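**Student:** Encoded as structure tokens, here's the structure I'll be asking about.
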Amino acid sequence: MAEQRREQTDARDPGNGGQGAGAPTRGRAGEPPRGRATPEEARAWEALVTTARRTVSDGLVVGTSGNVSVRVGDTVLVTPSGVPYDRLAPDDVTGVDLAGRQVLGSLVPTSELPMHLAVYRACDAGAVVHTHAVHATAVSTLVPELPLVHYMAGALGGPVRVAPYATYGTEELAENMLRALAGRSGCLLQNHGTLTHGATLDQAYDRTAQLEWMCRLWLTASSVPGRTPTLLTEDQLAQAAHRLRGYGQRA
């Protein structure tokens, strides 16, 4: 994968390529990134690669069009730009600090790094998943907010908003996304895709999958000729959200 190494700076995949605003720089004070991950970072990288591959196998992205990150202390491990996930190996670990300076690896981080870093700076998220899921992206072109077709919107903090369109990889897109995420753990990106975050990779991924499912549900129901989907009220959603906070097994 020498052609994917850091010295390559152009001709990147448009969904996960070119660097744009907020592009990573070399390590602190111009130093090269350190060469070896800590044991905790190595485990987190393995989980990140597994999650990234799952976005492909579950049909949420095509090729390298999405990206995944996980935070370990002050280091953000992130999928690299334009590298198929099935080719990622333990030695390909790629990490930046919260300022976007590359501290691990030689592969170029995803062009959507500004979005990932914006989330980590704004809240205590442990992981972020961004996809180009078909149904969610379709919904993002139709409405400013996903209609309340199912109570699982409560698991994302409330009605899911659509962030206005901006060019991929830009600070403008990151700012639009943050506004759409206010009080939420997921949003749609207009004519682009989805972004969710969670305390763990599993939680962030599950929220992405739930969001795509809700979008598919609304598109299916609203496509029936002569019929309009019944939507939940804000009170009904609030009641469901309250119950969802106690859902699952206790630790």
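Labeling convention for the structure tokens: chains A, B, ... as they appear, residues from 1 per chain, ligands from 1 in order of appearance.
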Show which residues sit within 6 Å of stretch 159-163 of chain A, as a PyMOL selection string. Count only C-alpha atoms, and ignore same-chain residues fewer than 5 positions away.
**Tutor:** chain A and resi 144-146+153+176-177+180+187-190
**Student:** Output the selection as a CSV table (one decimal), in the first residue's frame - C-alpha atoms for each residue.
**Tutor:**
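Dumped to again_31.csv:
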chain,number,residue,atom,x,y,z
A,144,PRO,CA,-35.3,19.2,6.9
A,145,GLU,CA,-36.0,16.7,9.7
A,146,LEU,CA,-36.8,13.0,9.7
A,153,ALA,CA,-35.8,8.6,17.4
A,176,ASN,CA,-23.5,22.6,10.0
A,177,MET,CA,-23.3,19.1,11.4
A,180,ALA,CA,-27.9,19.6,13.6
A,187,CYS,CA,-28.0,13.6,12.3
A,188,LEU,CA,-28.5,13.5,8.5
A,189,LEU,CA,-26.2,15.4,6.2
A,190,GLN,CA,-28.0,16.8,3.2
**Student:** At a cut-off of 8 Å, using only C-alpha atoms, what residues contact A:Gly198? Leave out same-chain residues fewer than 4 positions from it and give the result as a list of chain:residue names.
**Tutor:**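 What passes the distance filter is A:Ala125, A:Gly126, A:Ala127, A:Val128, A:Ser185, A:Asp202, A:Gln203, A:Ala204, A:Arg207.
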**Student:** Just want the 9 Å neighbourhood of stretch 211-213 of chain A, counted on only C-alpha atoms, with same-chain residues fewer than 3 positions away dropped. Output as a compact mmCIF listing (two decimals) with C-alpha atoms, in the first residue's frame.
**Tutor:**
# COMPACT_ATOMS: atom_id res chain seq x y z
CA LEU A 60 -24.18 1.37 4.65
CA ALA A 133 -26.46 4.90 3.73
CA VAL A 134 -28.92 4.90 0.81
CA HIS A 135 -32.25 5.45 2.57
CA ALA A 136 -30.89 8.02 5.01
CA THR A 137 -29.23 9.95 2.21
CA MET A 152 -36.42 4.91 18.24
CA ALA A 153 -35.82 8.56 17.39
CA LEU A 156 -30.92 9.59 19.23
CA VAL A 160 -33.30 13.76 13.71
CA GLY A 186 -27.13 11.50 15.27
CA CYS A 187 -28.04 13.61 12.26
CA LEU A 188 -28.46 13.47 8.51
CA THR A 194 -25.35 10.14 8.18
CA THR A 196 -23.76 9.32 14.68
CA ASP A 206 -26.09 0.76 16.37
CA ARG A 207 -27.34 4.34 16.20
CA THR A 208 -26.30 4.54 12.56
CA ARG A 216 -36.20 3.27 5.18
CA LEU A 217 -39.39 2.89 7.23
CA TRP A 218 -40.53 6.46 6.50
**Student:** Among the residues of stretch 56-222 of chain A, find those DSSP assigns to helix (DSSP H, G or I) from the backbone and print them as a PyMOL selection string.
**Tutor:** chain A and resi 56-57+85-87+90-92+113-122+134-140+151-156+171-181+201-222
**Student:** Env of A:Glu40: 10 Å cut, atoms = only C-alpha atoms, seq-sep filter 4 positions within chain, self excluded. Answer as a list of chain:residue names.
**Tutor:**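 Contacts, with the query itself left out: A:Ala44, A:Trp45, A:Val72, A:Gly73.
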**Student:** Residues within 6 Å of stretch 74-83 of chain A, please, as a PDB file with N, CA, C and O atoms, in the first residue's frame. Count only C-alpha atoms; anything in the same chain fewer than 5 positions from it doesn't count.
**Tutor:**
ATOM      1  N   ASP A  13     -10.129   9.588  -3.400  1.00  0.00           N
ATOM      2  CA  ASP A  13     -11.525   9.229  -3.570  1.00  0.00           C
ATOM      3  C   ASP A  13     -12.402  10.387  -3.099  1.00  0.00           C
ATOM      4  O   ASP A  13     -12.195  10.906  -2.017  1.00  0.00           O
ATOM      5  N   ASN A  16     -13.942  10.009   0.462  1.00  0.00           N
ATOM      6  CA  ASN A  16     -13.097   9.818   1.626  1.00  0.00           C
ATOM      7  C   ASN A  16     -11.687  10.285   1.310  1.00  0.00           C
ATOM      8  O   ASN A  16     -10.739   9.901   1.967  1.00  0.00           O
ATOM      9  N   GLY A  17     -11.550  11.124   0.297  1.00  0.00           N
ATOM     10  CA  GLY A  17     -10.243  11.491  -0.168  1.00  0.00           C
ATOM     11  C   GLY A  17      -9.879  12.898   0.181  1.00  0.00           C
ATOM     12  O   GLY A  17     -10.088  13.344   1.257  1.00  0.00           O
ATOM     13  N   THR A  64     -14.911   2.994  -0.057  1.00  0.00           N
ATOM     14  CA  THR A  64     -14.350   3.697   1.102  1.00  0.00           C
ATOM     15  C   THR A  64     -15.089   4.998   1.361  1.00  0.00           C
ATOM     16  O   THR A  64     -14.524   5.971   1.857  1.00  0.00           O
ATOM     17  N   ASN A  67     -16.522   6.710   6.954  1.00  0.00           N
ATOM     18  CA  ASN A  67     -15.360   6.711   7.829  1.00  0.00           C
ATOM     19  C   ASN A  67     -15.770   6.503   9.276  1.00  0.00           C
ATOM     20  O   ASN A  67     -16.915   6.772   9.655  1.00  0.00           O
ATOM     21  N   VAL A  68     -14.836   5.995  10.063  1.00  0.00           N
ATOM     22  CA  VAL A  68     -15.084   5.629  11.447  1.00  0.00           C
ATOM     23  C   VAL A  68     -13.925   6.127  12.293  1.00  0.00           C
ATOM     24  O   VAL A  68     -12.770   6.125  11.843  1.00  0.00           O
ATOM     25  N   SER A  69     -14.220   6.555  13.511  1.00  0.00           N
ATOM     26  CA  SER A  69     -13.151   6.952  14.424  1.00  0.00           C
ATOM     27  C   SER A  69     -13.490   6.508  15.836  1.00  0.00           C
ATOM     28  O   SER A  69     -14.646   6.262  16.174  1.00  0.00           O
ATOM     29  N   THR A  94      -3.843   4.618  12.295  1.00  0.00           N
ATOM     30  CA  THR A  94      -3.754   6.027  11.930  1.00  0.00           C
ATOM     31  C   THR A  94      -4.398   6.854  13.029  1.00  0.00           C
ATOM     32  O   THR A  94      -5.554   6.603  13.396  1.00  0.00           O
ATOM     33  N   GLY A  95      -3.659   7.811  13.578  1.00  0.00           N
ATOM     34  CA  GLY A  95      -4.197   8.585  14.681  1.00  0.00           C
ATOM     35  C   GLY A  95      -3.765  10.037  14.659  1.00  0.00           C
ATOM     36  O   GLY A  95      -2.677  10.370  14.184  1.00  0.00           O
ATOM     37  N   VAL A  96      -4.631  10.899  15.173  1.00  0.00           N
ATOM     38  CA  VAL A  96      -4.340  12.328  15.289  1.00  0.00           C
ATOM     39  C   VAL A  96      -4.667  12.779  16.704  1.00  0.00           C
ATOM     40  O   VAL A  96      -5.376  12.084  17.444  1.00  0.00           O
ATOM     41  N   ASP A  97      -4.150  13.961  17.065  1.00  0.00           N
ATOM     42  CA  ASP A  97      -4.574  14.538  18.329  1.00  0.00           C
ATOM     43  C   ASP A  97      -5.805  15.401  18.081  1.00  0.00           C
ATOM     44  O   ASP A  97      -6.280  15.525  16.949  1.00  0.00           O
ATOM     45  N   LEU A 107      -0.358   6.712   6.952  1.00  0.00           N
ATOM     46  CA  LEU A 107      -1.467   6.852   6.017  1.00  0.00           C
ATOM     47  C   LEU A 107      -2.204   8.165   6.280  1.00  0.00           C
ATOM     48  O   LEU A 107      -2.345   8.595   7.427  1.00  0.00           O
ATOM     49  N   VAL A 108      -2.689   8.783   5.225  1.00  0.00           N
ATOM     50  CA  VAL A 108      -3.422  10.042   5.348  1.00  0.00           C
ATOM     51  C   VAL A 108      -4.796   9.784   5.974  1.00  0.00           C
ATOM     52  O   VAL A 108      -5.558   8.946   5.479  1.00  0.00           O
ATOM     53  N   PRO A 109      -5.150  10.481   7.062  1.00  0.00           N
ATOM     54  CA  PRO A 109      -6.477  10.295   7.657  1.00  0.00           C
ATOM     55  C   PRO A 109      -7.592  10.706   6.705  1.00  0.00           C
ATOM     56  O   PRO A 109      -7.384  11.481   5.768  1.00  0.00           O
ATOM     57  N   THR A 110      -8.790  10.218   6.968  1.00  0.00           N
ATOM     58  CA  THR A 110      -9.963  10.556   6.175  1.00  0.00           C
ATOM     59  C   THR A 110     -10.104  12.049   5.963  1.00  0.00           C
ATOM     60  O   THR A 110      -9.799  12.856   6.854  1.00  0.00           O
TER      61      THR A 110
END
**Student:** Which residues are close to stretch 233-248 of chain A, i.e. within 10 Å by only C-alpha atoms, leaving aside same-chain residues fewer than 3 positions away? Reply as number ranges by chain.
**Tutor:** A: 148-159, 230, 251
**Student:** Write out as a PyMOL selection string the set of residues from stretch 152-204 of chain A that DSSP, computed on the backbone, places in strand (DSSP E).
**Tutor:** chain A and resi 162-163+186-189+193-198
**Student:** Please indicate the distance in Å from atom CA of A:Tyr85 to atom CA of A:Pro33, rounded to one decimal place.
**Tutor:**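 For atom CA of A:Tyr85 relative to atom CA of A:Pro33, the distance reads 21.9 Å.
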